[in-house]
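Scroll down for the structure; my scribbles are underneath it.
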Amino acid sequence: MKKLLKSLMLFAAAAMALTSCENEAMNEGIEANDTYTMTFVADAPQSRTSVSIEGEQANFAWSTGDKVAFIQSAVGAVGCNKTGGTGSISSGKATFTTNFNAVAGATSYNYGAYYPNVDCNSDKTFDNVVIEFPASQTLTAGSFDPHADMMMSKPILNKAINTHGGLLEFTRLAAIGKMNLVGLDAGEIIMSVKLTLDTGVVLNGDVTLNFEDVTATYATKGNNYVEVKGTLEATANETAIFFTCFPGEYSGAYTIDVETDKAYYQTSGTLSKPLVFTAGDVLGFTANVKQTEAKNSYVYTKITNGNLADYSGRYLLVYEGGKLALNGSLPTLDATGNGISITSIASGKIDGDYSNYEFTIAKRTEGDGYTVQSASGYYIGNDGTSNGLSSSKSTKYVNTINSSVRLVGKGGLLLQYYNSGDNSRFRYYGTSQEAVVLYRLDGSGSDVEMTKLATPTNVNATVDGTTVTVSWDAVANAQSYTVVCGSQSKTVTDANTVTFTEVAKGTHNITVVANASSYISSDKGTATATVTEGPAAKAWTLVTDASTLAVGDKIIIAAKGSNYAMSTTQNSNNRGQTAITKSGNTASWTGSSVQEITLEAGTKTGTWAFKVDSQYLYAASSSKNYLRSGTKNDNAAWTVTITSAGVATVKAQGAYTRNWIQYNGSSSIFSCYGSAQADICIYKLQ
């Protein structure tokens, strides 16, 4: 292997530290909230899309139609506006014109630009823009897929509104691979090339941009493979295949799969020397693809069992009655006539090369469910309750697979086929349409089935006043138990008994379910408990002096400006809200959905630990707004200051910088943030 392009290193680093540019700008009389237009220029060597190899030099240039996204941060005022701009290209230089809104009270503005121009959603802020290195890329002669390039600019500071934005200086975040395929016949049509490295390697995934600190942080979770698809004619000696990936040094096992119009080839082994990918650089290496000829045909098998440990793999999404599959090659997937004909379906098998129309199903790196990505690079899903099919190259829609092996969108709608003549189409529907089933490419996934855990037995409930203690016999292979007592629910990981307090008067159903990651959850073990007297009324009082807090106190965290408190619902990355009633300096509620917190000493001097059941609330990220529960550590050590009006400032003292517990009214959650959301307050049980 030899490294090409030793001369082009566009400021590359995994965590960059660049200097911002500053413009002495003129105030042109634009009022707050007015729209104003700015022009930015990107000139060589601040370059981008296409690459040509001339000897050992790679030349990058802007291409017609290139788009970048811009983000604006108003200094001295609350406000952040996002927009995108399309460049005009001349002699490799790009000029971008875009619109912004003036912000009332702003003393100056910061601007940043990034590529690709992913959706400028409201969750993107100047210190948190997430873009994605895609695992699936387009096969292009003499270049990498331009949508798989990643860049961010130095920030530009304007002291007032100025239509002349300035010069954009970009950092390329992508490393570029040039795989030289040897052994193919001249004229053989390459349709897919996939490089898979050792388990644990991360070649692509999310990259978080922070324009305030001018840093880029690569995800530690992602895919250990990169795949390019398209059509490319092989040459007599070697054929160059370009792709992009995370920078890094990779060693260990590898597999290279090549699909052509003639055959399917596979070669694998252990790298004789590490592959060292550098941001902004091109790494060339050679692969002899005819060491092993694997097979000459494709076979897709229908998945019917409904209890696989992992449904990951390459699929056709099939309406069997019409011999149609959703066409994964389309750039616009939600369209009438979005099916492709299947020649033959017999005995749960489809023979033939339909790789251009496939969908890749993969486990989500965060949270439950799967992503479903088309051969054209679009994730599909439906997050709502209205019929439709959403698709995006940046938004990874959440899908689940039900017991009938059907794809289900986040909002509960099933992927189905609407069979109505010229209006026929594949979509997510809430009403019953034609079933769409999953046919997986043989060898592209695991057929390991999950076994259902045994039902918990000898479930007993004992009552002492308003306290109910539930016990049961341990279940083999169980990793946790979900126990429900009336309206209360708890998860137990290290015992087969659990106690519920402050249980309401009445007879309550008790259920115990055993869980484990490689098993199907058990059926419910059941019992009942009767509480003859309800819990006494509690007095919760607003805390206006932090010095009155003590170890052992029971507290709740509430929104200062609205009637909501932190609930017992722990979402993947935040806490839910639940309604309370405020009267003067007291709070009350009915039910058991408000999270009662027990104060303990934190791991650092002068800090508190917030115990919730058997775990502790902690800040969980420097790039995401996460609040989770787990073990006691420095990220679960909280300082608490409280004003005389009851406004509480609660910050974790660990390494994570999104460490400020606040209330997000628009999302109806409590979580950790790095900047101001809505104030919180603390009520203490007297």
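Identifiers in this document derive from the order of the structure tokens: chains are assigned A, B, ..., residues are numbered from 1 separately in each chain, and ligands are numbered from 1 in order of occurrence.
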**OP:** For Phe126 of chain A, work out the shell of residues within 9 Å, counting only C-alpha atoms and skipping chain neighbours fewer than 5 positions away, then give it as JSON, numbers by chain.
**Re:** {"A": [71, 72, 73, 80, 110, 111, 112, 209, 210, 211, 212]}
Output N, CA and C atoms of each residue in that selection to a file, as a CSV table (one decimal), in the first residue's frame.
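Output file part_28.csv is given in full below:
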```
chain,number,residue,atom,x,y,z
A,71,ILE,N,-25.2,28.2,9.4
A,71,ILE,CA,-25.8,28.3,10.7
A,71,ILE,C,-25.3,29.7,11.3
A,72,GLN,N,-26.3,30.4,11.9
A,72,GLN,CA,-26.0,31.7,12.4
A,72,GLN,C,-26.3,31.7,13.9
A,73,SER,N,-25.4,32.3,14.7
A,73,SER,CA,-25.6,32.5,16.1
A,73,SER,C,-25.5,34.0,16.5
A,80,CYS,N,-31.1,31.6,17.0
A,80,CYS,CA,-30.2,30.9,16.1
A,80,CYS,C,-30.9,30.5,14.9
A,110,ASN,N,-22.2,35.2,14.6
A,110,ASN,CA,-21.2,34.2,14.2
A,110,ASN,C,-21.9,33.4,13.1
A,111,TYR,N,-21.1,33.0,12.1
A,111,TYR,CA,-21.6,32.2,11.0
A,111,TYR,C,-20.7,31.0,10.8
A,112,GLY,N,-21.3,29.9,10.5
A,112,GLY,CA,-20.5,28.7,10.1
A,112,GLY,C,-21.2,28.0,9.0
A,209,LEU,N,-20.5,18.6,15.2
A,209,LEU,CA,-19.8,19.8,14.9
A,209,LEU,C,-20.1,20.8,16.0
A,210,ASN,N,-19.1,21.4,16.5
A,210,ASN,CA,-19.2,22.5,17.5
A,210,ASN,C,-18.5,23.7,17.0
A,211,PHE,N,-19.3,24.7,16.4
A,211,PHE,CA,-18.6,25.8,15.8
A,211,PHE,C,-18.2,26.8,16.9
A,212,GLU,N,-18.7,26.7,18.1
A,212,GLU,CA,-18.2,27.6,19.2
A,212,GLU,C,-16.8,27.2,19.6
```
Identify, with DSSP run on backbone atoms, the residues in segment 210-404 of chain A assigned to helix (DSSP H, G or I), and express the list as a tab-separated table (two decimals) with all heavy atoms, in the first residue's frame.
```tsv
chain	number	residue	atom	x	y	z
A	320	GLU	N	-46.31	-10.12	-1.93
A	320	GLU	CA	-46.23	-11.40	-2.64
A	320	GLU	C	-47.34	-11.57	-3.67
A	320	GLU	O	-47.10	-12.12	-4.76
A	320	GLU	CB	-46.28	-12.54	-1.62
A	320	GLU	CG	-45.04	-12.61	-0.72
A	320	GLU	CD	-45.17	-13.67	0.35
A	320	GLU	OE1	-46.18	-13.65	1.09
A	320	GLU	OE2	-44.25	-14.51	0.45
A	321	GLY	N	-48.57	-11.11	-3.35
A	321	GLY	CA	-49.68	-11.31	-4.26
A	321	GLY	C	-49.47	-10.67	-5.62
A	321	GLY	O	-49.96	-11.17	-6.64
A	322	GLY	N	-48.76	-9.56	-5.66
A	322	GLY	CA	-48.51	-8.88	-6.92
A	322	GLY	C	-47.13	-9.11	-7.48
A	322	GLY	O	-46.77	-8.53	-8.51
A	355	SER	N	-30.14	-6.63	-6.23
A	355	SER	CA	-29.34	-5.85	-5.28
A	355	SER	C	-29.57	-4.35	-5.42
A	355	SER	O	-29.46	-3.61	-4.44
A	355	SER	CB	-27.85	-6.17	-5.44
A	355	SER	OG	-27.42	-5.92	-6.76
A	356	ASN	N	-29.88	-3.89	-6.63
A	356	ASN	CA	-30.10	-2.45	-6.82
A	356	ASN	C	-31.40	-1.96	-6.18
A	356	ASN	O	-31.63	-0.76	-6.08
A	356	ASN	CB	-30.11	-2.10	-8.31
A	356	ASN	CG	-28.73	-2.16	-8.93
A	356	ASN	OD1	-27.73	-2.03	-8.22
A	356	ASN	ND2	-28.66	-2.38	-10.23
A	357	TYR	N	-32.27	-2.90	-5.78
A	357	TYR	CA	-33.58	-2.54	-5.26
A	357	TYR	C	-33.73	-2.90	-3.78
A	357	TYR	O	-34.81	-2.78	-3.21
A	357	TYR	CB	-34.67	-3.25	-6.07
A	357	TYR	CG	-34.44	-3.16	-7.56
A	357	TYR	CD1	-34.12	-4.29	-8.29
A	357	TYR	CD2	-34.50	-1.93	-8.21
A	357	TYR	CE1	-33.87	-4.22	-9.66
A	357	TYR	CE2	-34.25	-1.84	-9.57
A	357	TYR	CZ	-33.94	-2.99	-10.29
A	357	TYR	OH	-33.69	-2.89	-11.63
```
**OP:** Between A:Gly369, A:Gly166, A:Gly584, A:Pro331, single out the one closest to Ser312 of chain A, counting only C-alpha atoms.
**Re:**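 Among A:Gly369, A:Gly166, A:Gly584, A:Pro331, it is A:Gly369 that comes nearest to Ser312 of chain A.
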**OP:** Considering only C-alpha atoms, return as a PyMOL selection string whatever protein or nucleic-acid residues lie within 6 Å of segment 370-375 of chain A, sequence-local ones (same chain, fewer than 3 positions apart) excluded.
**Re:** chain A and resi 328-329+356+358-364+378-380+398-400
Keeping only C-alpha atoms, write the selected residues to a file as a tab-separated table (two decimals), in the first residue's frame.
```
chain	number	residue	atom	x	y	z
A	328	GLY	CA	-34.96	0.81	-3.28
A	329	SER	CA	-33.14	2.42	-6.21
A	356	ASN	CA	-30.10	-2.45	-6.82
A	358	GLU	CA	-32.67	-3.79	-1.78
A	359	PHE	CA	-33.04	-2.23	1.66
A	360	THR	CA	-30.50	-2.66	4.43
A	361	ILE	CA	-31.98	-3.24	7.88
A	362	ALA	CA	-29.62	-2.50	10.78
A	363	LYS	CA	-29.91	-2.23	14.55
A	364	ARG	CA	-29.92	1.34	15.83
A	378	TYR	CA	-32.38	6.99	1.94
A	379	TYR	CA	-33.63	5.97	5.39
A	380	ILE	CA	-37.38	5.29	5.41
A	398	VAL	CA	-37.03	4.30	13.83
A	399	ASN	CA	-38.70	1.06	12.71
A	400	THR	CA	-39.62	-2.02	14.71
```
Original post:
If we count only C-alpha atoms, what is near Val475 of chain A at a cut-off of 7 Å, once residues fewer than 4 positions away on the same chain are taken out, given as a list in words?
Top reply: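 Near Val475 of chain A, the qualifying residues are Ala454, Pro456 and Ala514 of chain A.
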Could those selected residues go to a file with C-alpha atoms, as a CSV table (one decimal), in the first residue's frame?
```csv
chain,number,residue,atom,x,y,z
A,454,ALA,CA,-39.8,-19.1,31.5
A,456,PRO,CA,-41.9,-16.2,36.8
A,514,ALA,CA,-38.4,-11.7,33.1
```
Original post:
Neighbours of Ala253 of chain A within 9 Å (only C-alpha atoms; same-chain residues fewer than 3 positions away dropped), as a PyMOL selection string?
Top reply: chain A and resi 196-199+268-271
Original post:
Smallest atom-to-atom distance to Gly142 of chain A: which of A:Arg425, A:Lys178, A:Lys611, A:Arg172, using only C-alpha atoms?
Top reply: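 Checking each candidate against Gly142 of chain A, we get A:Lys178 as the closest.
Put simply, atom CA of Thr499 of chain A is 15.7 Å away from atom CA of Val513 of chain A.
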Original post:
A:Ser675, A:Gln433, A:Gln577, A:Thr501: which is nearest Ala536 of chain A, counting only C-alpha atoms?
Top reply: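 Comparing A:Ser675, A:Gln433, A:Gln577, A:Thr501 against Ala536 of chain A, the winner is A:Thr501.
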**OP:** Fewer than 5 positions away in the same chain doesn't count, so skip those; otherwise give me all residues within 10 Å of Thr603 of chain A, counting only C-alpha atoms, as JSON, numbers by chain.
**Re:** {"A": [608, 609, 632, 633, 634, 635, 636, 637, 638, 653, 654]}
Original post:
Could you name the residues that touch Val318 of chain A at 10 Å or less, counting only C-alpha atoms, but leaving out those on the same chain fewer than 5 positions away, as a list in words?
Top reply: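 My list of contacting residues is Lys302, Lys323, Leu324, Ala325, Leu326, Asn327, Gly339, Ile340, Ser341, Ile342, Ile345, Gln416, Tyr417, Phe426, Ala435, Val436, Val437, Leu438 and Tyr439 of chain A.
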Serialized selection, C-alpha atoms, as a PDB file, in the first residue's frame:
```
ATOM      1  CA  LYS A 302     -38.644 -15.162   3.452  1.00  0.00           C
ATOM      2  CA  LYS A 323     -44.921 -10.170  -7.174  1.00  0.00           C
ATOM      3  CA  LEU A 324     -43.692  -6.656  -6.393  1.00  0.00           C
ATOM      4  CA  ALA A 325     -40.946  -5.252  -4.177  1.00  0.00           C
ATOM      5  CA  LEU A 326     -40.484  -1.664  -3.005  1.00  0.00           C
ATOM      6  CA  ASN A 327     -37.949  -0.181  -5.430  1.00  0.00           C
ATOM      7  CA  GLY A 339     -42.673  -1.111  -6.945  1.00  0.00           C
ATOM      8  CA  ILE A 340     -40.381  -3.299  -9.029  1.00  0.00           C
ATOM      9  CA  SER A 341     -41.507  -6.616 -10.527  1.00  0.00           C
ATOM     10  CA  ILE A 342     -40.181  -9.885  -9.082  1.00  0.00           C
ATOM     11  CA  ILE A 345     -41.402 -16.306  -5.948  1.00  0.00           C
ATOM     12  CA  GLN A 416     -48.087  -2.127   3.361  1.00  0.00           C
ATOM     13  CA  TYR A 417     -49.028  -2.091  -0.318  1.00  0.00           C
ATOM     14  CA  PHE A 426     -45.875   1.020  -1.000  1.00  0.00           C
ATOM     15  CA  ALA A 435     -49.143  -7.297   3.560  1.00  0.00           C
ATOM     16  CA  VAL A 436     -45.486  -6.491   2.876  1.00  0.00           C
ATOM     17  CA  VAL A 437     -43.148  -9.264   4.012  1.00  0.00           C
ATOM     18  CA  LEU A 438     -39.376  -9.450   4.382  1.00  0.00           C
ATOM     19  CA  TYR A 439     -37.128 -11.509   2.108  1.00  0.00           C
TER      20      TYR A 439
END
```
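In this model, the gap between atom CA of Gln479 of chain A and atom CA of Ser629 of chain A comes to 17.5 Å.
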**OP:** From a DSSP pass on the backbone, collect the residues of segment 455-652 of chain A flagged as strand (DSSP E) and hand them back as an NGL selection string.
**Re:** :A and (460-464 or 467-471 or 480-485 or 488-492 or 497-500 or 506-515 or 519-520 or 525-531 or 540-542 or 554-559 or 564-570 or 575-579 or 581-583 or 586-588 or 597-601 or 608-612 or 615-619 or 627-630 or 638-642 or 648-652)
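The closest residue to Ala102 of chain A, picked from A:Tyr616, A:Tyr311, A:Phe277, A:Tyr36 and counting only C-alpha atoms, is A:Tyr36.
Here atom CA of Ala69 of chain A is placed at a distance of 5.4 Å from atom CA of Tyr114 of chain A.
Ranking A:Leu627, A:Thr526, A:Leu685, A:Val468 by their shortest atom-to-atom distance to Lys554 of chain A, with only C-alpha atoms included, puts A:Leu685 first.
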Original post:
Which of these residues is nearest to Lys684 of chain A, using only C-alpha atoms: A:Val299, A:Ala175, A:Ala346, A:Leu549?
Top reply: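 Of the candidates, the smallest distance to Lys684 of chain A is held by A:Leu549.
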